[in-house]
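Worksheet for the structure shown next.
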Amino acid sequence: MPDFGMTRQARQAAKLLRLFERLGVPCRYYPVGGDPELPETRLVNIEGSTGLSAAYASNEYVPEKILMAQFLLQQGEVNSDDQFEPYRMNAAGEYELTGKRYRLTALSQVDEVSVTYVYLDVS
């Protein structure tokens, strides 16, 4: 049942949180200062977060992909140089690691629910 005593911003944040929980996939998360043997499990949304940017190379602009990962703020702090390994769902409906490891580079966006970083493949 909806809580009509919530502010408009709180309702919007709750709606964004529910949406993120549906779109996000689990990942192993390695904070830059944390123990590499004890990764955290978090949700990440990397689907649909790719864009194109122009890179200047030898007097030409070349389009290149910008990869962005979105994390829930309530699951903990997110910083540049943190790394993550996403899971994917296999044919049996179980999650398995993709075998790819990524490093967060630049902060892109922050809202009430999530934080978005540009990431690079380091696997």
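Ordering of the structure tokens sets the chain letters (A, B, ...); residue numbers start at 1 within each chain; ligands are numbered from 1 in the order shown.
Looking only at chain A, the set that DSSP places in alpha helix (DSSP H) from backbone geometry is Arg8, Gln9, Ala10, Arg11, Gln12, Ala13, Ala14, Lys15, Leu16, Leu17, Arg18, Leu19, Phe20, Glu21, Arg22 and Leu23 of chain A.
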Would you put the residues from that selection into a file with all heavy atoms, as a short mmCIF file (atom, residue, chain, number, x, y, z; two decimals), in the first residue's frame?
```
data_model
loop_
_atom_site.label_atom_id
_atom_site.label_comp_id
_atom_site.auth_asym_id
_atom_site.auth_seq_id
_atom_site.Cartn_x
_atom_site.Cartn_y
_atom_site.Cartn_z
N ARG A 8 7.07 14.03 -2.33
CA ARG A 8 7.16 13.66 -3.75
C ARG A 8 8.54 13.11 -4.07
O ARG A 8 8.67 12.14 -4.81
CB ARG A 8 6.85 14.89 -4.61
CG ARG A 8 6.89 14.60 -6.07
CD ARG A 8 6.42 15.78 -6.88
NE ARG A 8 6.32 15.38 -8.26
CZ ARG A 8 6.72 16.11 -9.26
NH1 ARG A 8 7.24 17.29 -9.04
NH2 ARG A 8 6.58 15.68 -10.49
N GLN A 9 9.59 13.71 -3.54
CA GLN A 9 10.95 13.24 -3.78
C GLN A 9 11.17 11.85 -3.22
O GLN A 9 11.84 11.02 -3.83
CB GLN A 9 11.99 14.23 -3.19
CG GLN A 9 12.07 15.55 -3.89
CD GLN A 9 11.00 16.53 -3.42
OE1 GLN A 9 10.27 16.28 -2.45
NE2 GLN A 9 10.87 17.64 -4.12
N ALA A 10 10.61 11.57 -2.04
CA ALA A 10 10.76 10.25 -1.42
C ALA A 10 10.03 9.19 -2.24
O ALA A 10 10.54 8.08 -2.42
CB ALA A 10 10.25 10.27 0.01
N ARG A 11 8.84 9.52 -2.75
CA ARG A 11 8.11 8.57 -3.60
C ARG A 11 8.88 8.30 -4.89
O ARG A 11 8.96 7.17 -5.35
CB ARG A 11 6.70 9.09 -3.92
CG ARG A 11 5.73 8.97 -2.77
CD ARG A 11 4.30 9.21 -3.20
NE ARG A 11 4.08 10.41 -3.99
CZ ARG A 11 3.82 11.62 -3.51
NH1 ARG A 11 3.73 11.79 -2.20
NH2 ARG A 11 3.62 12.64 -4.31
N GLN A 12 9.44 9.36 -5.47
CA GLN A 12 10.21 9.20 -6.70
C GLN A 12 11.46 8.35 -6.45
O GLN A 12 11.79 7.48 -7.24
CB GLN A 12 10.61 10.57 -7.25
CG GLN A 12 11.31 10.50 -8.59
CD GLN A 12 11.60 11.89 -9.14
OE1 GLN A 12 11.67 12.86 -8.40
NE2 GLN A 12 11.79 11.96 -10.43
N ALA A 13 12.14 8.58 -5.34
CA ALA A 13 13.33 7.79 -5.00
C ALA A 13 12.95 6.33 -4.78
O ALA A 13 13.67 5.43 -5.22
CB ALA A 13 14.00 8.36 -3.75
N ALA A 14 11.82 6.06 -4.12
CA ALA A 14 11.38 4.68 -3.91
C ALA A 14 11.05 4.00 -5.23
O ALA A 14 11.37 2.83 -5.45
CB ALA A 14 10.16 4.65 -2.98
N LYS A 15 10.44 4.73 -6.15
CA LYS A 15 10.10 4.19 -7.46
C LYS A 15 11.39 3.86 -8.25
O LYS A 15 11.51 2.81 -8.88
CB LYS A 15 9.25 5.19 -8.23
CG LYS A 15 8.62 4.63 -9.48
CD LYS A 15 7.77 5.67 -10.19
CE LYS A 15 6.53 5.98 -9.39
NZ LYS A 15 5.60 6.88 -10.10
N LEU A 16 12.37 4.77 -8.20
CA LEU A 16 13.64 4.53 -8.87
C LEU A 16 14.37 3.32 -8.27
O LEU A 16 14.98 2.54 -9.00
CB LEU A 16 14.54 5.77 -8.79
CG LEU A 16 14.13 6.94 -9.66
CD1 LEU A 16 14.96 8.17 -9.33
CD2 LEU A 16 14.25 6.59 -11.13
N LEU A 17 14.29 3.17 -6.97
CA LEU A 17 14.91 2.03 -6.30
C LEU A 17 14.29 0.72 -6.77
O LEU A 17 15.00 -0.23 -7.11
CB LEU A 17 14.77 2.17 -4.78
CG LEU A 17 15.32 1.03 -3.95
CD1 LEU A 17 16.81 0.88 -4.13
CD2 LEU A 17 15.00 1.27 -2.48
N ARG A 18 12.96 0.65 -6.84
CA ARG A 18 12.29 -0.57 -7.31
C ARG A 18 12.67 -0.87 -8.76
O ARG A 18 12.92 -2.03 -9.11
CB ARG A 18 10.78 -0.44 -7.17
CG ARG A 18 10.28 -0.49 -5.75
CD ARG A 18 8.77 -0.61 -5.67
NE ARG A 18 8.05 0.43 -6.38
CZ ARG A 18 7.71 1.63 -5.87
NH1 ARG A 18 8.03 1.90 -4.62
NH2 ARG A 18 7.04 2.50 -6.58
N LEU A 19 12.76 0.15 -9.59
CA LEU A 19 13.14 -0.04 -10.99
C LEU A 19 14.57 -0.55 -11.09
O LEU A 19 14.86 -1.49 -11.83
CB LEU A 19 13.00 1.28 -11.76
CG LEU A 19 13.42 1.24 -13.22
CD1 LEU A 19 12.52 0.30 -14.00
CD2 LEU A 19 13.39 2.64 -13.81
N PHE A 20 15.47 0.02 -10.31
CA PHE A 20 16.86 -0.41 -10.33
C PHE A 20 16.99 -1.86 -9.89
O PHE A 20 17.76 -2.63 -10.46
CB PHE A 20 17.72 0.48 -9.43
CG PHE A 20 19.19 0.21 -9.58
CD1 PHE A 20 19.94 0.93 -10.48
CD2 PHE A 20 19.81 -0.79 -8.85
CE1 PHE A 20 21.29 0.68 -10.63
CE2 PHE A 20 21.15 -1.05 -9.00
CZ PHE A 20 21.90 -0.31 -9.89
N GLU A 21 16.24 -2.26 -8.88
CA GLU A 21 16.31 -3.63 -8.39
C GLU A 21 15.83 -4.62 -9.44
O GLU A 21 16.26 -5.77 -9.47
CB GLU A 21 15.53 -3.77 -7.09
CG GLU A 21 16.25 -3.10 -5.93
CD GLU A 21 15.45 -3.07 -4.65
OE1 GLU A 21 14.22 -3.29 -4.68
OE2 GLU A 21 16.06 -2.81 -3.60
N ARG A 22 14.96 -4.18 -10.37
CA ARG A 22 14.53 -5.06 -11.47
C ARG A 22 15.55 -5.11 -12.59
O ARG A 22 15.72 -6.14 -13.23
CB ARG A 22 13.19 -4.58 -12.03
CG ARG A 22 12.04 -5.09 -11.23
CD ARG A 22 10.73 -4.77 -11.93
NE ARG A 22 9.98 -3.94 -11.01
CZ ARG A 22 9.23 -2.91 -11.34
NH1 ARG A 22 9.09 -2.58 -12.58
NH2 ARG A 22 8.60 -2.23 -10.43
N LEU A 23 16.22 -3.99 -12.87
CA LEU A 23 17.16 -3.91 -13.99
C LEU A 23 18.58 -4.35 -13.62
O LEU A 23 19.34 -4.77 -14.49
CB LEU A 23 17.22 -2.48 -14.54
CG LEU A 23 15.94 -1.94 -15.15
CD1 LEU A 23 16.12 -0.48 -15.53
CD2 LEU A 23 15.52 -2.76 -16.34
#
```
Non-local contacts of Glu96 (chain A) (9 Å; only C-alpha atoms; under 4 positions in same chain excluded) as a PDB file with N, CA and C atoms, in the first residue's frame:
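Final file, selection.pdb:
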```
ATOM      1  N   PRO A  86      30.588  -8.571 -13.229  1.00  0.00           N
ATOM      2  CA  PRO A  86      29.151  -8.854 -13.267  1.00  0.00           C
ATOM      3  C   PRO A  86      28.841 -10.335 -13.471  1.00  0.00           C
ATOM      4  N   TYR A  87      27.693 -10.727 -13.000  1.00  0.00           N
ATOM      5  CA  TYR A  87      27.145 -12.057 -13.266  1.00  0.00           C
ATOM      6  C   TYR A  87      26.197 -11.948 -14.456  1.00  0.00           C
ATOM      7  N   ARG A  88      25.891 -13.068 -15.088  1.00  0.00           N
ATOM      8  CA  ARG A  88      24.843 -13.135 -16.107  1.00  0.00           C
ATOM      9  C   ARG A  88      24.001 -14.364 -15.826  1.00  0.00           C
ATOM     10  N   MET A  89      22.788 -14.353 -16.317  1.00  0.00           N
ATOM     11  CA  MET A  89      21.915 -15.489 -16.103  1.00  0.00           C
ATOM     12  C   MET A  89      22.129 -16.502 -17.232  1.00  0.00           C
ATOM     13  N   ASN A  90      22.364 -17.760 -16.869  1.00  0.00           N
ATOM     14  CA  ASN A  90      22.564 -18.810 -17.874  1.00  0.00           C
ATOM     15  C   ASN A  90      21.217 -19.402 -18.288  1.00  0.00           C
TER      16      ASN A  90
END
```
Please list as number ranges by chain every residue within 6 Å of region 38-43 of chain A, counting only C-alpha atoms and excluding residues in the same chain fewer than 4 positions away. A: 24-30
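Comparing A:Gly5, A:Tyr117, A:Pro31, A:Asp111 by their smallest distance to Gln74 (chain A), the closest is A:Asp111 (using only C-alpha atoms).
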Apply DSSP to the backbone of this structure and, from chain A, keep only the residues in strand (DSSP E or B); write these as a PyMOL selection string. chain A and resi 25-30+40-45+51-57+60-66+68-72+83-89+95-97+102-110+114-121
At what distance in Å, to one decimal, does CA of Gln75 (chain A) lie from CA of Val110 (chain A)? 14.1 Å
